[in-house]
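Q: As input, take start_38.txt (compact mmCIF, C-alpha atoms and all ligand atoms):
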# COMPACT_ATOMS: atom_id res chain seq x y z
CA MET A 1 6.82 34.60 -94.42
CA ASP A 2 10.40 34.43 -93.21
CA PRO A 3 11.98 31.76 -91.04
CA PHE A 4 11.94 32.70 -87.38
CA THR A 5 13.99 31.75 -84.36
CA CYS A 6 12.10 29.94 -81.64
CA GLY A 7 12.04 32.09 -78.52
CA TRP A 8 12.00 29.00 -76.31
CA CYS A 9 14.49 26.46 -77.69
CA GLY A 10 16.39 28.62 -80.20
CA LEU A 11 15.64 26.45 -83.23
CA THR A 12 15.51 28.22 -86.59
CA VAL A 13 12.03 27.42 -87.82
CA SER A 14 11.08 27.43 -91.50
CA ALA A 15 7.91 29.37 -92.28
CA ALA A 16 6.13 26.40 -93.83
CA THR A 17 5.73 22.72 -93.02
CA PRO A 18 7.06 20.09 -95.51
CA ALA A 19 3.47 19.86 -96.75
CA GLY A 20 3.52 23.59 -97.56
CA ALA A 21 1.17 24.69 -94.80
CA PRO A 22 2.06 27.90 -92.98
CA ARG A 23 3.77 27.18 -89.70
CA GLY A 24 2.98 29.20 -86.62
CA HIS A 25 4.88 27.30 -83.96
CA CYS A 26 8.21 25.58 -83.40
CA PRO A 27 8.05 21.89 -84.44
CA SER A 28 10.53 20.94 -81.74
CA CYS A 29 9.08 22.44 -78.55
CA LEU A 30 5.74 23.68 -80.00
CA HIS A 31 6.14 27.14 -78.54
CA ALA A 32 4.95 30.02 -80.72
CA ARG A 33 4.99 33.79 -80.88
CA HIS A 34 1.79 35.77 -80.57
CA ALA A 35 1.04 36.90 -84.13
CA THR A 36 -0.54 40.18 -83.02
CA ASP A 37 1.15 43.40 -81.88
CA CYS A 38 1.74 41.62 -78.59
CA HIS A 39 4.59 39.35 -79.83
CA GLY A 40 4.49 37.54 -76.49
CA ARG A 41 5.72 33.98 -76.23
CA MET A 42 2.95 31.42 -76.53
CA THR A 43 3.15 28.25 -74.48
CA PRO A 44 1.47 25.10 -75.77
CA ILE A 45 -0.98 24.07 -73.06
CA ALA A 46 -3.23 21.43 -74.61
CA ILE A 47 -4.21 19.33 -77.61
CA ALA A 48 -7.70 19.41 -79.07
CA VAL A 49 -9.06 16.98 -81.65
CA LEU A 50 -11.60 18.40 -84.08
CA PRO A 51 -14.61 16.42 -85.31
CA THR A 52 -12.72 16.15 -88.63
CA GLY A 53 -9.95 14.24 -86.85
CA ASP A 54 -7.46 17.08 -87.18
CA TRP A 55 -5.27 17.78 -84.17
CA MET A 56 -4.96 21.35 -82.92
CA VAL A 57 -2.47 22.84 -80.48
CA ILE A 58 -3.91 25.28 -77.99
CA HIS A 59 -1.47 28.04 -77.09
CA ARG A 60 -1.68 30.59 -74.31
CA CYS A 61 0.24 33.85 -74.55
CA VAL A 62 2.43 34.41 -71.49
CA ARG A 63 2.10 38.16 -71.94
CA CYS A 64 -1.61 38.78 -72.55
CA ASP A 65 -3.13 35.38 -71.65
CA GLU A 66 -4.95 35.11 -74.99
CA LEU A 67 -5.67 31.57 -76.19
CA THR A 68 -5.13 30.54 -79.81
CA THR A 69 -5.49 27.26 -81.69
CA GLU A 70 -3.32 26.08 -84.54
CA PRO A 71 -3.22 22.92 -86.62
CA VAL A 72 -0.54 20.43 -85.68
CA GLY A 73 2.19 20.20 -88.31
CA ALA A 74 3.20 16.89 -89.88
CA ASP A 75 6.71 17.16 -88.44
CA ASP A 76 5.78 18.45 -85.00
CA ASN A 77 7.49 16.73 -82.10
CA GLN A 78 5.24 13.74 -81.42
CA LEU A 79 6.67 13.15 -77.96
CA VAL A 80 5.70 16.66 -76.88
CA LEU A 81 2.26 16.23 -78.47
CA MET A 82 1.63 12.95 -76.68
CA ARG A 83 2.84 14.36 -73.39
CA MET A 84 0.36 17.20 -73.71
CA ALA A 85 -2.44 14.85 -74.74
CA VAL A 86 -2.05 12.65 -71.65
CA ARG A 87 -1.23 15.40 -69.17
CA PRO A 88 -4.84 15.92 -68.00
CA LEU A 89 -5.00 12.17 -67.30
CA ALA A 90 -1.73 12.18 -65.40
CA GLN A 91 -2.72 15.18 -63.28
CA PRO A 92 -6.46 14.92 -62.67
CA PRO A 93 -7.98 17.66 -60.50
CA PHE A 94 -9.47 14.99 -58.25
CA PRO A 95 -8.01 11.90 -56.54
CA LEU A 96 -7.96 8.88 -58.87
CA GLU A 97 -8.48 6.61 -55.83
CA ALA A 98 -12.14 7.66 -55.94
CA PHE A 99 -12.63 5.32 -58.89
CA GLY A 100 -11.61 2.35 -56.78
CA SER A 101 -14.62 2.67 -54.49
CA LEU A 102 -17.27 3.18 -57.17
ZN ZN A 201 11.25 25.68 -80.06
ZN ZN A 202 -0.16 38.06 -76.47
Could you spell out this file's structure in structure tokens?

A:
Amino acid sequence: MDPFTCGWCGLTVSAATPAGAPRGHCPSCLHARHATDCHGRMTPIAIAVLPTGDWMVIHRCVRCDELTTEPVGADDNQLVLMRMAVRPLAQPPFPLEAFGSL
């Protein structure tokens, strides 16, 4: 695999993490490119934690809306990861005030 240029932030991304794992997304902004014929830009939309404790990034392709999951790299931007992890809590689909009257 060759290094690729991030379509979102322009960073030149090496094809493997420092640990030697294949890298599918930009470690700075976590955007990726759809690895099918689509080649659409993939936006990181959420973090999922597997039963094994591994963190996964969930990407959605802006072109075809397909969802993919990828393991988080050791040098991925932790600020972006944390922001994604807490986003559902910061923007709940219901008013938080409801908890006050329970
Ligand atoms: Zn990037
Ligand atoms: Zn796509």

Q: If the limit is 12 Å from any atom of ligand ZN 202 (chain A), counting only C-alpha atoms and all ligand atoms, which residues qualify? Return them as a PyMOL selection string.

A: chain A and resi 32-43+59-68

Q: Using only C-alpha atoms and all ligand atoms, find each protein or nucleic acid residue lying at most 10 Å from ligand ZN 201 (chain A); present the set as a list in words.

A: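 The residues within 10 Å of ligand ZN 201 (chain A), counting only C-alpha atoms and all ligand atoms, are Thr5, Cys6, Gly7, Trp8, Cys9, Gly10, Leu11, Thr12, Val13, His25, Cys26, Pro27, Ser28, Cys29, Leu30, His31, Ala32 and Asn77 of chain A.
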
Q: Considering all atoms listed in the file, can you say which of A:Ala74, A:Leu81, A:Ala19, A:Ala90 comes closest to Ala48 in chain A?

A: A:Leu81

Q: I'd like a table as CSV: residues in range 29-74 of chain A with an atom no more than 10 Å from range 82-89 of chain A, each row giving the shortest atom pair and its distance in Å to one decimal, only C-alpha atoms counted, sorted by chain and rising residue number.

A:
residue,atom,partner,partner_atom,distance
A:Pro44,CA,A:Met84,CA,8.2
A:Ile45,CA,A:Met84,CA,7.0
A:Ala46,CA,A:Met84,CA,5.6
A:Ile47,CA,A:Ala85,CA,5.6
A:Ala48,CA,A:Ala85,CA,8.2
A:Val49,CA,A:Ala85,CA,9.8
A:Val57,CA,A:Met84,CA,9.3

Q: Find the distance between CA of Asp76 in chain A and CA of Thr52 in chain A and write it in Å to one decimal.

A: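 So the answer is 19.0 Å.
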
Q: Between CA of Gly73 in chain A and CA of Pro3 in chain A, what distance in Å does the model show, to one decimal?

A: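 Computed distance, CA of Gly73 in chain A to CA of Pro3 in chain A, equals 15.4 Å.
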
Q: Between CA of Leu79 in chain A and CA of Arg23 in chain A, what is the distance in Å, rounded to a tenth?

A: 18.5 Å

Q: A:Pro93, A:Leu50, A:Trp55, A:Pro71: which is nearest Gly24 in chain A, counting only C-alpha atoms?

A: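 Selected residue with least distance to Gly24 in chain A: A:Pro71.
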
Q: Have a look at A:Pro51, A:Asp75, A:Val80, A:Phe99 and name the one nearest to Ala16 in chain A; count all atoms listed in the file.

A: A:Asp75

Q: Mind working out the centre and edge lengths of an axis-aligned box for range 38-52 of chain A, all listed atoms inside, 8 Å added to each side, rounded to one decimal in Å and written as JSON?

A:
{"center_x": -4.4, "center_y": 28.9, "center_z": -80.8, "size_x": 36.3, "size_y": 41.5, "size_z": 31.6}
